[in-house]
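Note sheet for the following structure.
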Amino acid sequence: MAVRAEEIRVTGARPGLVARVRALLDREEILGPVFVTPALLLLLLLVAYPFVVALYFSMSNAFIGRPSEFIGFRNFVKLWESDAFRQTFQNAFVFTGIAVVFKVVMGIILALLLNEQLWFKRLIRGVVLLPWVIPTALSTLGWWWMFNSLYSVVNWTGIATGLMDPPGPNWLGQRYYAMAAVITVNIWRGLPFFAITILAGLVAIPKELYEAAEADGAGANARFWHITLPLLKPVLAVVVLFSTIFTFSDFNIVYVLTHGGPINSTHLFATLSRMIGIDTGRIGEGAAISLYLFPLLAFVVWAQLRFVRKQTF
Amino acid sequence: MGPVTRRHFLTTTGAGLAGILATRVPPARGQQREISYLCWNNFAPASDKKMAEIGQRFTKDTGIKLKIDHISHMGPQQAKYASEVQTQAGHDLVEMRMHFPWLYEPQLADVSDVVTGLEKQYGKAIASSYEGAHIKGVWRAVPQYHGMFVATYREDLFKKASLKVPDTWEDLYTAGKELKKMGNPVGIPISQNYDSISTAGPVLWSFGGMEVDKDGKTVRINSPATVQTIEWYQKMFRDCMEPEVLSWSDASNNESIQQGKAGWIHNPVSAYIIAKQRKLVTADGINHHRSLGGPQGRHETDTPRHIGIWKFSKNIDASKEWIRYLIGKRENYDEYIMAGDAFNLPVYEKLQDHPVLRTDPKYAALKGEGVQYHTYGWPAPPSDKVQLITNTYLLPNMIAKAVTGTSTKDAIAWAENEMKKILAG
């Protein structure tokens, strides 16, 4: 027997709670916010709140466990008078600049190699990721062991093979060697991220383009400069963007390997910030150190994302 | 008893909870007192075990539950303190090294009553404990033990080369030249670590120098004594040591003598204790002598430890009871000190000639008579500004500059300028 809808409304009970919730969730304007809210809450709680607190700290004379006052930009101005901070500022650019350039060049080379038909291709790709997967503090301890003046396997090998004169380079005690050491470890750790991401970009390039170029007589060099590199640009831009931010804010490698020494020559913003903010209790100054480059990095992010959007659309 | 209905359960528990909230008195079962204590992983691990044992007896005797947590020393410890203070939550008691009570002073409970009692019993606390924990007339932490810097040297090598055991820093230069020729250089770190400060301080003090005057406001680093200190370091670096000391961590000098390389280091007895425990071949050849003197006397760096109680603790009285039980009960304190194998030495005057010093003839150099114990930055009070000078390693960095090519005058001017900026800020 057919029953009309009006009859149900009149005679039937109110729909149950589950049915009502289901009906509500069927509406897009409700379901959307419901899905987004948990992520938004997490972002507010774990990203926005600490960021705002850090911003306040950086503009205050906050000292651990003592009442603080707002002092505007005084921390940022005063920091510039500190020799250790100016040295850190310079270190951060040298460290990031050299490390990112090496990671880009070596990342492309590695990705091109991994894109070739190799035996055990999957295994090799997995192994390449290892440095990126192992916890940084742990792998850096391994590097520390290799660079350590007493146990250095690098120096031992160099001396044994006649490539170095005893006692070999003072890796962590001489400013240029120490910077080279922390950069080397950063490249070693960051290279897989570059290689695998670029490899994903390489795989996405249509084979027909290479075939057409080859038919037109283009050599390997020409194919790389005129097909591979232009089509990799959006991927490269994103990878460089992420890596620049991560490298600027690196902490573990320097903290474990050199503790910022010798004579502050390897301090980065994060390690100096910890030393001032935690070891000496000056959270205000510590926060100012860690946020010093925020405006610059925000601009880099904006510019690179703009570039990526232009490339994509 | 019949089955408990939902309504009955809610009524009963609701009423109970309301009662607790209104009277603010927990039920008898919840009233058992419980305290928590954060301390570092001791370099002499047996003393951590002993502390746990004494803690269990404490619970049995007093009914107060004690939870002891350990954390790695230095870095993580400070981060943990900072987070507990910022969130006003965490442990009731914390172990503090050297001058930490000065950094956390407003957050630490007054424990003068406990220290007064202990001083009545054992005599005055030694100078370094006083410098570190007695702030503006109030004890902010209770002196617990100390680890004193001595010279750890390879007695076998000294005998082999007929070298005189040094008594002054100048004597060390004479012996050090020979040690380096033998392939066993002197190992004094000149890097961004605490052991570097622990040696640079006594050398500077023994020449009559200081970083900041005792008023805590006047920078005194630019002095003839600093010039002498730097000149001593320059010749030591050139003739008695290897450039590796510029990269050393706090553990490196210990490892160097344990592994048979260094012939002389400046360190508490931990290097020997570990060599002995691990049965290293170098252990037998290692011995100790007093830290060295100079034209203006002999000054020793000391690393006193204290126990503080956070003001936010709800169990301040129970926490004090634990401190009195651990340190104030002579048998417990003795047991604890003995377990540390002379790494943890007692900090009260009457206990300076402690039986632990007679457990091994190699501890004879640890006797405290006539020692002038100091913490970093002496004679300035360890205010937060003086600690900023210490923790940014200005003293070792000044020396590192001077031994790697910067002129003595420029290195001192650099340090003076940085210190003045810190004190003015």
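In the structure tokens, chains take the letters A, B, ... in the order shown, each chain's residues start at 1, and ligands count up from 1 in the order shown.
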
Within 10 Å of Ala270 of chain A using only C-alpha atoms, minus same-chain residues under 6 positions, as a PDB file with C-alpha atoms, in the first residue's frame:
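Everything below was put into part_11.pdb:
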ATOM      1  CA  THR A  88      75.152  33.506  13.916  1.00  0.00           C
ATOM      2  CA  ALA A  92      72.891  30.906   8.950  1.00  0.00           C
ATOM      3  CA  PHE A 248      67.656  27.897   8.273  1.00  0.00           C
ATOM      4  CA  SER A 249      65.939  26.444  11.310  1.00  0.00           C
ATOM      5  CA  ASP A 250      68.226  23.427  11.718  1.00  0.00           C
ATOM      6  CA  PHE A 251      69.091  22.607  15.320  1.00  0.00           C
ATOM      7  CA  ASN A 252      70.057  18.970  15.893  1.00  0.00           C
ATOM      8  CA  VAL A 254      74.862  21.809  15.113  1.00  0.00           C
ATOM      9  CA  TYR A 255      73.782  21.074  18.681  1.00  0.00           C
ATOM     10  CA  GLY A 286      65.760  33.660  22.868  1.00  0.00           C
ATOM     11  CA  ALA A 287      62.392  34.120  21.148  1.00  0.00           C
ATOM     12  CA  ILE A 289      66.636  35.269  17.994  1.00  0.00           C
ATOM     13  CA  SER A 290      64.429  32.489  16.661  1.00  0.00           C
ATOM     14  CA  LEU A 291      61.998  34.959  15.067  1.00  0.00           C
TER      15      LEU A 291
END

May I have all residues of segment 123-305 of chain B that DSSP, computed from the backbone, assigns to alpha helix (DSSP H), given as number ranges by chain?
B: 127-133, 155-160, 169-181, 194-206, 224-239, 252-258, 270-277

Report the closest atom pair, with its distance in Å rounded to one decimal, for each residue of chain B that has an atom no farther than 6 Å from chain A; count only C-alpha atoms, sort by chain and then rising residue number, and write it as JSON lines.
{"residue": "B:Ala79", "atom": "CA", "partner": "A:Ile278", "partner_atom": "CA", "distance": 5.9}
{"residue": "B:Val85", "atom": "CA", "partner": "A:Gly65", "partner_atom": "CA", "distance": 5.5}
{"residue": "B:Gln86", "atom": "CA", "partner": "A:Gly65", "partner_atom": "CA", "distance": 5.9}
{"residue": "B:Gln192", "atom": "CA", "partner": "A:Gly261", "partner_atom": "CA", "distance": 5.8}
{"residue": "B:Glu244", "atom": "CA", "partner": "A:Ser149", "partner_atom": "CA", "distance": 5.8}
{"residue": "B:Leu246", "atom": "CA", "partner": "A:Gly173", "partner_atom": "CA", "distance": 4.6}
{"residue": "B:Ser247", "atom": "CA", "partner": "A:Gly173", "partner_atom": "CA", "distance": 3.8}
{"residue": "B:Leu388", "atom": "CA", "partner": "A:Thr280", "partner_atom": "CA", "distance": 5.7}
{"residue": "B:Asn397", "atom": "CA", "partner": "A:Ile263", "partner_atom": "CA", "distance": 5.3}

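In terms of minimum interatomic distance to Ile227 of chain A, A:Ile205 ranks closest within A:Leu241, A:Ser152, A:Leu41, A:Ile205, counting only C-alpha atoms.
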
Exercise: Phe76 of chain A partners within 9 Å, only C-alpha atoms, chain neighbours under 2 positions left out, as a PDB file with N, CA and C atoms, in the first residue's frame:
ATOM      1  N   SER A  58      59.122  37.592  22.299  1.00  0.00           N
ATOM      2  CA  SER A  58      60.207  38.296  21.595  1.00  0.00           C
ATOM      3  C   SER A  58      60.121  39.804  21.812  1.00  0.00           C
ATOM      4  N   MET A  59      58.945  40.290  22.169  1.00  0.00           N
ATOM      5  CA  MET A  59      58.797  41.729  22.401  1.00  0.00           C
ATOM      6  C   MET A  59      58.660  42.024  23.894  1.00  0.00           C
ATOM      7  N   GLY A  72      58.574  46.217  23.230  1.00  0.00           N
ATOM      8  CA  GLY A  72      58.611  46.506  21.790  1.00  0.00           C
ATOM      9  C   GLY A  72      59.739  45.753  21.089  1.00  0.00           C
ATOM     10  N   PHE A  73      60.434  46.482  20.215  1.00  0.00           N
ATOM     11  CA  PHE A  73      61.461  45.820  19.390  1.00  0.00           C
ATOM     12  C   PHE A  73      62.858  45.889  20.015  1.00  0.00           C
ATOM     13  N   ARG A  74      62.928  46.212  21.312  1.00  0.00           N
ATOM     14  CA  ARG A  74      64.234  46.431  21.937  1.00  0.00           C
ATOM     15  C   ARG A  74      65.142  45.193  21.840  1.00  0.00           C
ATOM     16  N   LYS A  78      68.808  45.219  20.268  1.00  0.00           N
ATOM     17  CA  LYS A  78      69.935  44.909  21.148  1.00  0.00           C
ATOM     18  C   LYS A  78      70.742  43.703  20.652  1.00  0.00           C
ATOM     19  N   LEU A  79      70.028  42.743  20.069  1.00  0.00           N
ATOM     20  CA  LEU A  79      70.716  41.529  19.598  1.00  0.00           C
ATOM     21  C   LEU A  79      71.807  41.859  18.595  1.00  0.00           C
ATOM     22  N   TRP A  80      71.537  42.859  17.777  1.00  0.00           N
ATOM     23  CA  TRP A  80      72.476  43.202  16.729  1.00  0.00           C
ATOM     24  C   TRP A  80      73.814  43.685  17.304  1.00  0.00           C
ATOM     25  N   GLU A 285      64.795  37.239  24.802  1.00  0.00           N
ATOM     26  CA  GLU A 285      65.862  37.339  23.799  1.00  0.00           C
ATOM     27  C   GLU A 285      65.927  36.076  22.946  1.00  0.00           C
ATOM     28  N   ALA A 288      63.322  36.239  20.386  1.00  0.00           N
ATOM     29  CA  ALA A 288      63.667  37.232  19.359  1.00  0.00           C
ATOM     30  C   ALA A 288      64.680  36.653  18.369  1.00  0.00           C
ATOM     31  N   ILE A 289      65.634  35.878  18.887  1.00  0.00           N
ATOM     32  CA  ILE A 289      66.636  35.269  17.994  1.00  0.00           C
ATOM     33  C   ILE A 289      65.946  34.323  17.021  1.00  0.00           C
ATOM     34  N   TYR A 292      63.949  36.197  14.331  1.00  0.00           N
ATOM     35  CA  TYR A 292      64.618  37.293  13.622  1.00  0.00           C
ATOM     36  C   TYR A 292      64.386  37.228  12.117  1.00  0.00           C
TER      37      TYR A 292
END

Using only C-alpha atoms, which residues of segment 279-306 of chain B come within 12 Å of segment 337-353 of chain B, and what is the closest atom pair for each, with the distance in Å to one decimal? Give it as a tab-separated table, sorted by chain and residue number.
residue	atom	partner	partner_atom	distance
B:Asp302	CA	B:Val347	CA	10.8
B:Thr303	CA	B:Asn344	CA	9.9
B:Pro304	CA	B:Val347	CA	7.8
B:Arg305	CA	B:Val347	CA	9.0
B:His306	CA	B:Val347	CA	9.7

Report as a ChimeraX atom specification all protein, DNA and RNA residues lying within 6 Å of Trp264 of chain B, evaluated on only C-alpha atoms, omitting residues in the same chain fewer than 6 positions from it.
/B:152-153,186

Would you list the contacts of Val94 of chain A as an NGL selection string, taking every protein, DNA or RNA residue within 12 Å and counting only C-alpha atoms, but skipping same-chain residues closer than 2 positions in sequence?
:A and (87-92 or 96-101 or 176 or 179-180 or 182-183 or 244 or 247-248 or 265-268)

Write to file, as a short mmCIF file (atom, residue, chain, number, x, y, z; two decimals), in the first residue's frame, the residues of the selection just made, with C-alpha atoms.
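Final file, again-v4.cif:
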data_model
loop_
_atom_site.label_atom_id
_atom_site.label_comp_id
_atom_site.auth_asym_id
_atom_site.auth_seq_id
_atom_site.Cartn_x
_atom_site.Cartn_y
_atom_site.Cartn_z
CA GLN A 87 78.24 35.73 13.75
CA THR A 88 75.15 33.51 13.92
CA PHE A 89 73.38 35.67 11.34
CA GLN A 90 76.29 35.21 8.95
CA ASN A 91 76.57 31.48 9.73
CA ALA A 92 72.89 30.91 8.95
CA THR A 96 71.81 27.45 4.27
CA GLY A 97 73.16 28.86 1.00
CA ILE A 98 75.88 26.25 0.53
CA ALA A 99 73.78 23.34 1.80
CA VAL A 100 70.76 24.12 -0.39
CA VAL A 101 72.85 24.64 -3.56
CA TYR A 176 86.08 26.42 8.43
CA MET A 179 81.30 24.68 9.16
CA ALA A 180 82.20 22.20 6.42
CA VAL A 182 77.91 20.63 9.75
CA ILE A 183 77.11 21.46 6.11
CA THR A 244 65.50 26.66 2.77
CA THR A 247 67.91 24.40 6.80
CA PHE A 248 67.66 27.90 8.27
CA SER A 265 81.40 29.90 14.24
CA THR A 266 78.69 27.29 13.62
CA HIS A 267 75.83 28.66 15.72
CA LEU A 268 72.50 28.87 13.93
#
